[in-house]
Amino acid sequence: MHYVIVGGSAAGISAIEAIRSQDKEGRITLVSDEKFPLYSRCLITYFLAGKLAEDKLKYRSSDFYAKKKVEALHGVRAQRLLPKEGKLILDNGKEIAYDKLLIATGASPQMVEVPGSDKEGILGLRTYRDAQLINGRLDKVNRVSVLGGGLIGLRAAYSLHARNKQVKVIVKSNQVLSQMLDKGAADLVRRKIEQKGIEVMTGLAAVEFLGGKEVTGLVLDDGRRLECELVIVGKGVRPNLELVKGTEIKTDYGIIVDDYLQTNLPNVYAAGDVAQAKDLITGQSTINALWPCAVAQGKVAGLNMAGKKVKYDGSLAMNSIEFFGLPVISIGITRPKEKEYEQLIKEDEKNFVYKKVVLRENRIQGMILVNRIEQAGVMGILMRKKVDVSSIKGMLLEDRFDFAKILPMIKEGKQLFTEREFEESIISY
Amino acid sequence: MKKIFCDIKKCLGCKSCEIACGVEHSTSKNIFQVIKEEKKPRQRVVVLSTTKEPFPLRCHHCEDAPCVEACMSGAMYKDEEGFTRHDPDKCVGCWMCIMVCPFGAISRQESVALKCDLCPDREESFACVEACPTKALFAGTWDEFKERLSQQKR
């Protein structure tokens, strides 16, 4: 058996671990176009901020490939896929024949297409190489414009602020983190980062970049000009579909996979930011381009590739992040549009506290927690198990809410809480 | 694999486990000296209460640990025996682990995560288990714990 994995980040590494848990001997080859192996992309902004040494970027030890008996080809791009022949052609001319293939090629930053966008100094921030490129320019940079107020945009702003640059964040919508938070929570984050000296400008977009060979500024859609020596683009990502283009592998926004993370071809699987899989809450086929989802998908894909039939629960939009000591967690649906949803909110603006739970037919559909995040996972398990929470609704957002309060529900819902750890906690209850 | 279990019916809610855990994770490991330590130790077991009775909460070292899966820095990991370990040097305080822990058994200590580490400085048993006056807390395997509960019923 020859397993071939394209992509060496969260989904790819997780798949290797899953395959090896089932198949100790099968051959595994990993192909990654990145030279720097086994690092966590989520740590890139900490690295750029100067808060994390380069060796700490690795989230698996350097002997990982040796221990897992993986032939890892780094700095090599998988250029063409010939599914009928079961072959992959690399950019160094080599061919690899596979029995099972995992496409975990991830996504790339969505860049801005306006006049002047080809100037030097306009960069995305996703990979180690991106961080190096930015690092290499920083000596001649005083002012930075960040386009996009999402997670990457704000993390980029945070890290460049930590490097003593003057940072402005330009956001198209009327709030930061619009994918993750509602306005109430987003305004707390905005206040926090503005207090620390990062300027946030909402309702604006860049329409032109100024300068010669290198960027020296930009023009906003209200006509204003901003001067800056560096532009970071954090406008989301799009899946890397180049490898499957022109093959019979079905794509929509990403590569379409079934509940076993298999594509429409029997020996080809996809996982991570490139895979369009089922969403746990909405049931729709979507991409939740998030680290924990990529790890979970890589695991399920790897297990299935190794012959153990495992169904994927579905991905959950969830994120956790901290800005200047203000922790923020968001899970599931946080800004429902339909009126069938019930929203419970508790705010303490002065102390930067915001808690919100979104319910539908007494089942948790989503939540936002700012500055009081400790019970996120307890509420999260009620959400995942789709438990009726009507008996504790009044308590959910109280400070006294914790795991002990859901013990009766676990006892009643034994058929849902099948993991042994839940049995351990209620056996004497 | 030996871990910590609790017979809820025996728990009085005296919080001896919390104190013992705090002392175990202090510099001096002495309850009288702890008070003077500059950096106060934090306990990793917390006695919560259901609507009726106390419930000591600690990390369950889940077989399929969500915190390990969600950890983006490799700080949370499984050791060879299957215990869930945390390396504070690798932790960046992103709180992905808190986001997914179904027990709420992970807390924040300044900028890193904090949870039960099964008393690495002890060769036998655990501080909380030893301190429990009613033997509600129990160190052993899952089968041993079930055996003990069924013996008590007889």
# chains A, B, ... in the order shown; residues from 1 in each chain; ligands from 1
call {"tool": "select_by_dssp", "arguments": {"residues": "region 248-397 of chain A", "states": "helix (DSSP H, G or I)", "output": "PyMOL selection string"}}
result
chain A and resi 272-274+291-305+349-351+376-384+390-392
call {"tool": "closest_atom_pairs", "arguments": {"of": "chain A", "to": "chain B", "cutoff": "7 Å", "atoms": "only C-alpha atoms", "output": "tab-separated table"}}
result
residue	atom	partner	partner_atom	distance
A:Ser40	CA	B:Met72	CA	6.3
A:Cys42	CA	B:Met72	CA	6.5
A:Leu43	CA	B:Ser73	CA	6.9
A:Lys56	CA	B:Lys90	CA	6.5
A:Tyr59	CA	B:Gly74	CA	4.3
A:Arg60	CA	B:Gly74	CA	6.3
A:Trp291	CA	B:Met72	CA	6.9
A:Pro292	CA	B:Ala70	CA	4.7
A:Val295	CA	B:Glu69	CA	6.5
A:Ser320	CA	B:Met96	CA	5.5
A:Ile321	CA	B:Cys94	CA	5.2
A:Glu322	CA	B:Cys94	CA	6.1
A:Ile329	CA	B:Met99	CA	6.8
A:Glu374	CA	B:Gly104	CA	6.2
A:Gln375	CA	B:Gly104	CA	5.4
A:Ala376	CA	B:Met99	CA	5.1
A:Gly377	CA	B:Val100	CA	4.5
A:Val378	CA	B:Pro102	CA	4.6
A:Gly380	CA	B:Val100	CA	6.8
A:Ile381	CA	B:Pro102	CA	5.5
A:Phe403	CA	B:Phe103	CA	5.5
A:Ala404	CA	B:Thr50	CA	4.7
A:Lys405	CA	B:Thr50	CA	5.1
A:Glu421	CA	B:Cys62	CA	6.1
A:Ser428	CA	B:Asp7	CA	5.3
A:Tyr429	CA	B:Ile8	CA	5.8
call {"tool": "residues_around", "arguments": {"residues": "Ser125 (chain B)", "least_positions_apart": "6", "cutoff": "10 Å", "atoms": "only C-alpha atoms", "output": "list of chain:residue names"}}
result
B:Lys2, B:Lys3, B:Ile4, B:Leu118, B:Cys119, B:Phe138, B:Ala139, B:Gly140
call {"tool": "write_last_selection", "arguments": {"atoms": "all heavy atoms", "output": "PDB file, in the first residue's frame"}}
result
ATOM      1  N   LYS B   2      -3.176   4.513  35.194  1.00  0.00           N
ATOM      2  CA  LYS B   2      -3.739   4.971  36.454  1.00  0.00           C
ATOM      3  C   LYS B   2      -4.147   6.434  36.352  1.00  0.00           C
ATOM      4  O   LYS B   2      -3.313   7.282  36.041  1.00  0.00           O
ATOM      5  CB  LYS B   2      -2.636   4.852  37.517  1.00  0.00           C
ATOM      6  CG  LYS B   2      -3.115   4.270  38.824  1.00  0.00           C
ATOM      7  CD  LYS B   2      -1.933   4.148  39.779  1.00  0.00           C
ATOM      8  CE  LYS B   2      -2.313   3.270  40.955  1.00  0.00           C
ATOM      9  NZ  LYS B   2      -1.262   3.168  41.949  1.00  0.00           N
ATOM     10  N   LYS B   3      -5.398   6.722  36.577  1.00  0.00           N
ATOM     11  CA  LYS B   3      -5.772   8.131  36.631  1.00  0.00           C
ATOM     12  C   LYS B   3      -6.701   8.385  37.811  1.00  0.00           C
ATOM     13  O   LYS B   3      -6.863   7.521  38.668  1.00  0.00           O
ATOM     14  CB  LYS B   3      -6.308   8.630  35.296  1.00  0.00           C
ATOM     15  CG  LYS B   3      -7.451   7.860  34.686  1.00  0.00           C
ATOM     16  CD  LYS B   3      -7.812   8.509  33.340  1.00  0.00           C
ATOM     17  CE  LYS B   3      -9.230   8.169  32.957  1.00  0.00           C
ATOM     18  NZ  LYS B   3      -9.631   8.834  31.724  1.00  0.00           N
ATOM     19  N   ILE B   4      -7.279   9.594  37.846  1.00  0.00           N
ATOM     20  CA  ILE B   4      -8.044   9.983  39.030  1.00  0.00           C
ATOM     21  C   ILE B   4      -9.541   9.858  38.762  1.00  0.00           C
ATOM     22  O   ILE B   4     -10.049  10.407  37.782  1.00  0.00           O
ATOM     23  CB  ILE B   4      -7.694  11.431  39.435  1.00  0.00           C
ATOM     24  CG1 ILE B   4      -6.190  11.529  39.735  1.00  0.00           C
ATOM     25  CG2 ILE B   4      -8.527  11.891  40.629  1.00  0.00           C
ATOM     26  CD1 ILE B   4      -5.641  12.936  39.685  1.00  0.00           C
ATOM     27  N   LEU B 118      -1.117  15.268  36.675  1.00  0.00           N
ATOM     28  CA  LEU B 118      -0.928  14.009  37.386  1.00  0.00           C
ATOM     29  C   LEU B 118       0.334  14.018  38.249  1.00  0.00           C
ATOM     30  O   LEU B 118       1.062  13.021  38.307  1.00  0.00           O
ATOM     31  CB  LEU B 118      -0.919  12.836  36.391  1.00  0.00           C
ATOM     32  CG  LEU B 118      -2.260  12.594  35.676  1.00  0.00           C
ATOM     33  CD1 LEU B 118      -2.088  11.667  34.493  1.00  0.00           C
ATOM     34  CD2 LEU B 118      -3.296  12.012  36.629  1.00  0.00           C
ATOM     35  N   CYS B 119       0.583  15.120  38.909  1.00  0.00           N
ATOM     36  CA  CYS B 119       1.680  15.254  39.877  1.00  0.00           C
ATOM     37  C   CYS B 119       3.005  14.648  39.414  1.00  0.00           C
ATOM     38  O   CYS B 119       3.417  13.597  39.928  1.00  0.00           O
ATOM     39  CB  CYS B 119       1.277  14.618  41.216  1.00  0.00           C
ATOM     40  SG  CYS B 119      -0.207  15.305  41.927  1.00  0.00           S
ATOM     41  N   PHE B 138     -10.025   8.627  43.866  1.00  0.00           N
ATOM     42  CA  PHE B 138      -9.452   7.297  43.761  1.00  0.00           C
ATOM     43  C   PHE B 138      -8.429   7.281  42.637  1.00  0.00           C
ATOM     44  O   PHE B 138      -8.674   7.829  41.560  1.00  0.00           O
ATOM     45  CB  PHE B 138     -10.594   6.313  43.478  1.00  0.00           C
ATOM     46  CG  PHE B 138     -10.155   4.906  43.168  1.00  0.00           C
ATOM     47  CD1 PHE B 138      -9.765   4.042  44.191  1.00  0.00           C
ATOM     48  CD2 PHE B 138     -10.138   4.444  41.839  1.00  0.00           C
ATOM     49  CE1 PHE B 138      -9.369   2.739  43.899  1.00  0.00           C
ATOM     50  CE2 PHE B 138      -9.744   3.140  41.556  1.00  0.00           C
ATOM     51  CZ  PHE B 138      -9.359   2.282  42.586  1.00  0.00           C
ATOM     52  N   ALA B 139      -7.276   6.691  42.896  1.00  0.00           N
ATOM     53  CA  ALA B 139      -6.256   6.548  41.848  1.00  0.00           C
ATOM     54  C   ALA B 139      -6.241   5.106  41.379  1.00  0.00           C
ATOM     55  O   ALA B 139      -6.094   4.193  42.188  1.00  0.00           O
ATOM     56  CB  ALA B 139      -4.888   6.938  42.400  1.00  0.00           C
ATOM     57  N   GLY B 140      -6.423   4.913  40.104  1.00  0.00           N
ATOM     58  CA  GLY B 140      -6.404   3.550  39.581  1.00  0.00           C
ATOM     59  C   GLY B 140      -6.851   3.517  38.135  1.00  0.00           C
ATOM     60  O   GLY B 140      -6.965   4.563  37.492  1.00  0.00           O
TER      61      GLY B 140
END
call {"tool": "select_by_dssp", "arguments": {"residues": "region 169-345 of chain A", "states": "strand (DSSP E)", "output": "ChimeraX atom specification"}}
result
/A:169-171,199-202,206-211,215-220,225-227,230-233,237-239,255-256,268-270,275-278,285-286,318-323,326-332,341-345
call {"tool": "atom_distance", "arguments": {"atom1": "CA of Arg372 (chain A)", "atom2": "CA of Gln179 (chain A)"}}
result
20.2 Å
call {"tool": "closest_residue", "arguments": {"among": "B:Lys153, B:Arg42, B:Lys135, B:His25", "to": "Pro120 (chain B)", "atoms": "only C-alpha atoms"}}
result
B:His25
call {"tool": "closest_residue", "arguments": {"among": "A:Lys58, A:Asp182, A:Val257, A:Ile410", "to": "Ser425 (chain A)", "atoms": "only C-alpha atoms"}}
result
A:Ile410
call {"tool": "closest_residue", "arguments": {"among": "A:Arg225, A:Arg77, A:Lys308, A:Lys346", "to": "Tyr260 (chain A)", "atoms": "only C-alpha atoms"}}
result
A:Lys308
call {"tool": "atom_distance", "arguments": {"atom1": "CA of Arg155 (chain A)", "atom2": "CA of Tyr46 (chain A)"}}
result
8.4 Å
call {"tool": "residues_around", "arguments": {"residues": "Glu194 (chain A)", "least_positions_apart": "2", "cutoff": "12 Å", "atoms": "only C-alpha atoms", "output": "list of chain:residue names"}}
result
A:Leu154, A:Ala157, A:Tyr158, A:His161, A:Gln166, A:Val167, A:Lys168, A:Val169, A:Val176, A:Asp187, A:Leu188, A:Val189, A:Arg190, A:Arg191, A:Lys192, A:Lys196, A:Gly197, A:Ile198, A:Glu199, A:Val200, A:Met201, A:Phe323, A:Phe324
call {"tool": "write_last_selection", "arguments": {"atoms": "N, CA and C atoms", "output": "compact mmCIF listing (two decimals), in the first residue's frame"}}
result
# COMPACT_ATOMS: atom_id res chain seq x y z
N LEU A 154 -6.34 41.18 11.84
CA LEU A 154 -6.11 41.68 13.20
C LEU A 154 -4.86 41.07 13.83
N ALA A 157 -1.99 42.86 12.31
CA ALA A 157 -1.89 44.19 12.89
C ALA A 157 -1.24 44.11 14.27
N TYR A 158 -1.68 43.14 15.05
CA TYR A 158 -1.14 42.93 16.39
C TYR A 158 0.36 42.67 16.34
N HIS A 161 2.32 45.81 15.21
CA HIS A 161 2.27 46.77 16.31
C HIS A 161 3.31 46.39 17.37
N GLN A 166 3.53 51.73 13.04
CA GLN A 166 2.23 52.41 13.12
C GLN A 166 1.26 51.65 12.24
N VAL A 167 0.21 51.09 12.84
CA VAL A 167 -0.66 50.19 12.08
C VAL A 167 -2.08 50.75 11.96
N LYS A 168 -2.58 50.73 10.72
CA LYS A 168 -3.98 51.07 10.47
C LYS A 168 -4.65 49.85 9.84
N VAL A 169 -5.83 49.52 10.35
CA VAL A 169 -6.58 48.39 9.77
C VAL A 169 -7.78 48.95 9.01
N VAL A 176 -15.11 44.84 13.01
CA VAL A 176 -14.03 43.87 12.83
C VAL A 176 -14.59 42.46 13.02
N ASP A 187 -17.16 45.25 18.82
CA ASP A 187 -16.84 46.60 19.31
C ASP A 187 -15.93 46.57 20.53
N LEU A 188 -16.07 45.51 21.35
CA LEU A 188 -15.16 45.37 22.50
C LEU A 188 -13.74 45.10 22.03
N VAL A 189 -13.62 44.22 21.03
CA VAL A 189 -12.29 43.91 20.48
C VAL A 189 -11.69 45.17 19.87
N ARG A 190 -12.53 45.90 19.13
CA ARG A 190 -12.05 47.12 18.49
C ARG A 190 -11.55 48.12 19.53
N ARG A 191 -12.36 48.28 20.60
CA ARG A 191 -11.97 49.23 21.64
C ARG A 191 -10.63 48.81 22.26
N LYS A 192 -10.48 47.52 22.51
CA LYS A 192 -9.25 47.03 23.11
C LYS A 192 -8.04 47.32 22.22
N LYS A 196 -4.77 50.19 22.55
CA LYS A 196 -3.34 49.84 22.49
C LYS A 196 -2.62 50.55 21.35
N GLY A 197 -3.36 51.29 20.55
CA GLY A 197 -2.69 52.11 19.54
C GLY A 197 -2.78 51.64 18.10
N ILE A 198 -3.65 50.68 17.83
CA ILE A 198 -3.88 50.27 16.44
C ILE A 198 -5.14 51.00 15.97
N GLU A 199 -5.04 51.69 14.83
CA GLU A 199 -6.21 52.43 14.35
C GLU A 199 -7.07 51.54 13.47
N VAL A 200 -8.37 51.53 13.73
CA VAL A 200 -9.29 50.72 12.92
C VAL A 200 -10.20 51.66 12.14
N MET A 201 -10.27 51.48 10.83
CA MET A 201 -11.14 52.31 9.98
C MET A 201 -12.15 51.39 9.30
N PHE A 323 -6.46 39.04 22.03
CA PHE A 323 -5.86 40.31 21.63
C PHE A 323 -5.51 41.11 22.87
N PHE A 324 -4.23 41.37 23.08
CA PHE A 324 -3.79 42.18 24.22
C PHE A 324 -4.46 41.74 25.52
call {"tool": "residues_around", "arguments": {"residues": "Phe422 (chain A)", "least_positions_apart": "4", "cutoff": "9 Å", "atoms": "only C-alpha atoms", "output": "tab-separated table (two decimals) with all heavy atoms, in the first residue's frame"}}
result
chain	number	residue	atom	x	y	z
A	407	LEU	N	-24.46	17.61	34.48
A	407	LEU	CA	-24.43	16.18	34.82
A	407	LEU	C	-25.79	15.48	34.66
A	407	LEU	O	-25.86	14.39	34.09
A	407	LEU	CB	-23.93	15.98	36.26
A	407	LEU	CG	-22.41	16.03	36.47
A	407	LEU	CD1	-22.10	15.85	37.94
A	407	LEU	CD2	-21.68	14.98	35.66
A	410	ILE	N	-26.33	14.71	31.07
A	410	ILE	CA	-25.48	13.63	30.57
A	410	ILE	C	-26.07	12.29	31.00
A	410	ILE	O	-26.12	11.34	30.23
A	410	ILE	CB	-24.03	13.79	31.07
A	410	ILE	CG1	-23.42	15.05	30.46
A	410	ILE	CG2	-23.20	12.57	30.73
A	410	ILE	CD1	-22.04	15.38	30.95
A	411	LYS	N	-26.56	12.24	32.24
A	411	LYS	CA	-27.14	11.02	32.75
A	411	LYS	C	-28.39	10.62	31.95
A	411	LYS	O	-28.56	9.47	31.57
A	411	LYS	CB	-27.49	11.18	34.22
A	411	LYS	CG	-27.65	9.86	34.91
A	411	LYS	CD	-27.59	9.97	36.41
A	411	LYS	CE	-27.62	8.57	36.98
A	411	LYS	NZ	-27.50	8.54	38.42
A	414	LYS	N	-27.54	9.45	28.01
A	414	LYS	CA	-26.43	8.49	27.89
A	414	LYS	C	-26.16	8.03	26.46
A	414	LYS	O	-25.03	7.82	26.08
A	414	LYS	CB	-26.72	7.25	28.75
A	414	LYS	CG	-26.10	7.33	30.12
A	414	LYS	CD	-26.31	6.00	30.82
A	414	LYS	CE	-26.06	6.15	32.31
A	414	LYS	NZ	-26.64	5.06	33.07
A	417	PHE	N	-24.02	10.72	24.92
A	417	PHE	CA	-22.68	10.92	25.51
A	417	PHE	C	-21.98	9.57	25.65
A	417	PHE	O	-21.86	9.03	26.73
A	417	PHE	CB	-22.81	11.62	26.87
A	417	PHE	CG	-23.28	13.04	26.76
A	417	PHE	CD1	-24.63	13.35	26.75
A	417	PHE	CD2	-22.36	14.08	26.65
A	417	PHE	CE1	-25.07	14.67	26.64
A	417	PHE	CE2	-22.78	15.39	26.54
A	417	PHE	CZ	-24.14	15.69	26.53
A	418	THR	N	-21.55	9.04	24.51
A	418	THR	CA	-21.03	7.68	24.50
A	418	THR	C	-19.55	7.59	24.87
A	418	THR	O	-19.06	6.51	25.17
A	418	THR	CB	-21.23	7.05	23.11
A	418	THR	OG1	-20.74	7.98	22.14
A	418	THR	CG2	-22.69	6.76	22.85
A	426	ILE	N	-20.19	10.27	35.44
A	426	ILE	CA	-21.54	10.11	36.00
A	426	ILE	C	-21.78	8.77	36.66
A	426	ILE	O	-22.83	8.55	37.27
A	426	ILE	CB	-22.65	10.34	34.95
A	426	ILE	CG1	-22.43	9.41	33.75
A	426	ILE	CG2	-22.75	11.79	34.53
A	426	ILE	CD1	-23.71	9.12	33.00
A	427	ILE	N	-20.80	7.86	36.58
A	427	ILE	CA	-21.06	6.50	37.08
A	427	ILE	C	-21.49	6.49	38.55
A	427	ILE	O	-22.33	5.69	38.96
A	427	ILE	CB	-19.84	5.57	36.83
A	427	ILE	CG1	-20.20	4.13	37.17
A	427	ILE	CG2	-18.61	6.05	37.58
A	427	ILE	CD1	-19.18	3.11	36.71
call {"tool": "atom_distance", "arguments": {"atom1": "CA of Glu95 (chain A)", "atom2": "CA of Leu82 (chain A)"}}
result
10.2 Å
call {"tool": "residues_around", "arguments": {"residues": "region 11-23 of chain B", "least_positions_apart": "4", "cutoff": "6 Å", "atoms": "only C-alpha atoms", "output": "ChimeraX atom specification"}}
result
/B:29,31,41-43,45,54,127-128,131,136
